[in-house]
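Novice: Please see the structure below; I have some questions.
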Amino acid sequence: MVIDSHCHLHDPAFRDLREMLVQALAHDVWGVVAVGCDADTNARTLAAAAAAPKSVWACLGFHPDWSHLGDGDLERVEQQLAENHHRIVGLGEVGLPWYSLTEASDPQALMSRGRERLNRLLRLAVLHDLPVALHAPHGAAVGALEALKHYQIERAVFHWHKAPAEVTRAIVDAGYLISVSPEVVYRERDREMVAALPLDALLVESDGPWKYGGEFEGMGSGPWLASRAAEEVAKLKQLPVEDVMFRLSTNACQLFDLVWA
């Protein structure tokens, strides 16, 4: 059994929460860490966790690549964190913009604003002793790592991580975790990363309802895919699947301070 460490249960694809959890459990996924992206998705995430408190845990977030979000939206999320920090297991997803930079009229200004927003959110993570689920792909990873160190954040995961090997090693050496998506089944970049990292530095995630290629082409995406990612990690590590799933679940429990079911 394994935990999906990052899924967007606020999405309409997961409207039938009970059916989704039954399907996940049938694929050996016994719990889901659900992340938000703004005040509205955070509210739906809280509702999902309240409806299934033994198998869904909520994080509240502010997505750095949702370029339509303004300072007022951030203030709403900050208020949510103040009111609900005792009901959640983490801050996420938050981070630095990357994909939105290509469409920005002033990418430097967008990144500067992203850093300011991340700093505000990390200060709240420190205040409420919350782990952080980061969106910081490719070139954003270095800046996110620097911010974590600056605020002395002790618990964090770089979700669906994509960065050069030396950056990944620096993240792990700093004590942070790396989350692996189902792309590990068919993307060589991810496979090489998993092979090079210790098992105790890894998590698996679905990032559902994100759609995947390879053997998942045309399939629906959800927490059940986290178990397939775990199976592939076990193959790459040449270890029994049960042992790997146990380790990955333990990593998630330690990061998010979850009670083992």
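Letters A, B, ... mark the chains of the structure tokens in the order given; residue numbers begin at 1 per chain; ligand numbers begin at 1, in order shown.
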Which residues come within 6 Å of Leu96 of chain A, counting only C-alpha atoms, excluding same-chain residues fewer than 4 positions away, as a list in words?

Specialist: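 Returned residues: Pro64, Gly114, Ala136 and Ala140 of chain A.
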
Novice: Write a file of the selected residues as a CSV table (one decimal), in the first residue's frame, keeping C-alpha atoms.

Specialist:
```csv
chain,number,residue,atom,x,y,z
A,64,PRO,CA,2.9,30.2,-8.9
A,114,GLY,CA,6.8,35.2,-7.6
A,136,ALA,CA,9.6,24.7,-8.9
A,140,ALA,CA,12.9,27.5,-10.7
```

Novice: Looking only at alpha helix (DSSP H) from DSSP on the backbone, list the matching residues of segment 52-200 of chain A as a PyMOL selection string.

Specialist: chain A and resi 71-84+107-128+140-150+165-173+188-196

Novice: Figure out the distance between atom CA of Glu205 of chain A and atom CA of Arg87 of chain A, please, to one decimal in Å.

Specialist: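 For atom CA of Arg87 of chain A relative to atom CA of Glu205 of chain A, the distance reads 21.5 Å.
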
Novice: For segment 104-106 of chain A, find every residue with an atom within 12 Å (counting only C-alpha atoms), except residues of its own chain fewer than 4 positions away, and show them as a CSV table (one decimal) with C-alpha atoms, in the first residue's frame.

Specialist:
```csv
chain,number,residue,atom,x,y,z
A,65,ASP,CA,2.1,29.5,-12.6
A,66,TRP,CA,-1.6,30.6,-12.4
A,67,SER,CA,-0.7,34.1,-13.7
A,68,HIS,CA,-4.3,35.3,-13.4
A,97,PRO,CA,6.7,30.5,-11.8
A,98,TRP,CA,8.3,28.8,-14.7
A,99,TYR,CA,6.0,27.8,-17.5
A,100,SER,CA,4.2,31.1,-17.4
A,110,LEU,CA,7.0,38.0,-12.9
A,111,MET,CA,9.8,36.0,-11.3
A,112,SER,CA,10.5,38.8,-8.8
A,113,ARG,CA,6.8,38.9,-7.9
```

Novice: So the first atom is atom CA of His161 of chain A and the second is atom CA of Asp16 of chain A; what is the distance between them in Å, to one decimal place?

Specialist: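 Here the two named atoms are 29.0 Å from each other.
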
Novice: Need to verify the contact set: Glu93 of chain A, 7 Å, only C-alpha atoms, exclusion of same-chain residues closer than 6 positions in sequence. Can you return it as a PyMOL selection string?

Specialist: chain A and resi 35-37+61-63+133-135

Novice: Could you take the residues named above and write them with all heavy atoms, as an mmCIF file, in the first residue's frame?

Specialist:
```
data_model
loop_
_atom_site.group_PDB
_atom_site.id
_atom_site.type_symbol
_atom_site.label_atom_id
_atom_site.label_comp_id
_atom_site.auth_asym_id
_atom_site.auth_seq_id
_atom_site.Cartn_x
_atom_site.Cartn_y
_atom_site.Cartn_z
ATOM 1 N N VAL A 35 -3.810 18.761 -2.755
ATOM 2 C CA VAL A 35 -3.247 20.112 -2.767
ATOM 3 C C VAL A 35 -4.208 21.091 -3.420
ATOM 4 O O VAL A 35 -5.017 20.721 -4.267
ATOM 5 C CB VAL A 35 -1.894 20.147 -3.507
ATOM 6 C CG1 VAL A 35 -0.879 19.266 -2.801
ATOM 7 C CG2 VAL A 35 -2.060 19.714 -4.965
ATOM 8 N N GLY A 36 -4.100 22.356 -3.018
ATOM 9 C CA GLY A 36 -4.883 23.423 -3.611
ATOM 10 C C GLY A 36 -4.016 24.379 -4.389
ATOM 11 O O GLY A 36 -2.784 24.335 -4.310
ATOM 12 N N CYS A 37 -4.681 25.268 -5.133
ATOM 13 C CA CYS A 37 -3.967 26.200 -6.005
ATOM 14 C C CYS A 37 -4.376 27.656 -5.812
ATOM 15 O O CYS A 37 -3.663 28.559 -6.241
ATOM 16 C CB CYS A 37 -4.193 25.833 -7.467
ATOM 17 S SG CYS A 37 -3.604 24.189 -7.925
ATOM 18 N N GLY A 61 -2.791 25.897 -0.960
ATOM 19 C CA GLY A 61 -1.737 26.429 -1.801
ATOM 20 C C GLY A 61 -2.107 27.671 -2.584
ATOM 21 O O GLY A 61 -3.225 28.191 -2.502
ATOM 22 N N PHE A 62 -1.115 28.127 -3.347
ATOM 23 C CA PHE A 62 -1.244 29.299 -4.214
ATOM 24 C C PHE A 62 -0.308 29.031 -5.384
ATOM 25 O O PHE A 62 0.908 29.149 -5.256
ATOM 26 C CB PHE A 62 -0.842 30.563 -3.453
ATOM 27 C CG PHE A 62 -1.058 31.840 -4.218
ATOM 28 C CD1 PHE A 62 -2.318 32.429 -4.247
ATOM 29 C CD2 PHE A 62 -0.022 32.441 -4.895
ATOM 30 C CE1 PHE A 62 -2.517 33.615 -4.948
ATOM 31 C CE2 PHE A 62 -0.204 33.622 -5.592
ATOM 32 C CZ PHE A 62 -1.461 34.210 -5.626
ATOM 33 N N HIS A 63 -0.879 28.632 -6.520
ATOM 34 C CA HIS A 63 -0.062 28.130 -7.624
ATOM 35 C C HIS A 63 0.724 29.254 -8.293
ATOM 36 O O HIS A 63 0.139 30.231 -8.769
ATOM 37 C CB HIS A 63 -0.948 27.433 -8.651
ATOM 38 C CG HIS A 63 -0.203 26.468 -9.513
ATOM 39 N ND1 HIS A 63 0.782 26.853 -10.395
ATOM 40 C CD2 HIS A 63 -0.291 25.118 -9.627
ATOM 41 C CE1 HIS A 63 1.267 25.792 -11.015
ATOM 42 N NE2 HIS A 63 0.632 24.728 -10.564
ATOM 43 N N ALA A 133 4.924 21.753 -0.103
ATOM 44 C CA ALA A 133 4.924 21.032 -1.378
ATOM 45 C C ALA A 133 5.168 22.054 -2.482
ATOM 46 O O ALA A 133 4.341 22.945 -2.713
ATOM 47 C CB ALA A 133 3.595 20.315 -1.588
ATOM 48 N N LEU A 134 6.303 21.915 -3.147
ATOM 49 C CA LEU A 134 6.783 22.956 -4.053
ATOM 50 C C LEU A 134 6.545 22.635 -5.525
ATOM 51 O O LEU A 134 6.812 21.521 -5.995
ATOM 52 C CB LEU A 134 8.281 23.168 -3.854
ATOM 53 C CG LEU A 134 8.665 23.932 -2.596
ATOM 54 C CD1 LEU A 134 10.061 23.587 -2.180
ATOM 55 C CD2 LEU A 134 8.513 25.431 -2.816
ATOM 56 N N HIS A 135 6.089 23.635 -6.240
ATOM 57 C CA HIS A 135 6.084 23.654 -7.698
ATOM 58 C C HIS A 135 7.265 24.534 -8.094
ATOM 59 O O HIS A 135 7.194 25.765 -7.987
ATOM 60 C CB HIS A 135 4.759 24.233 -8.207
ATOM 61 C CG HIS A 135 4.758 24.564 -9.664
ATOM 62 N ND1 HIS A 135 4.211 23.738 -10.621
ATOM 63 C CD2 HIS A 135 5.219 25.648 -10.342
ATOM 64 C CE1 HIS A 135 4.329 24.278 -11.809
ATOM 65 N NE2 HIS A 135 4.948 25.446 -11.672
#
```

Novice: Atom CA of Gly31 of chain A and atom CA of His6 of chain A, how far apart in Å?

Specialist: 10.4 Å
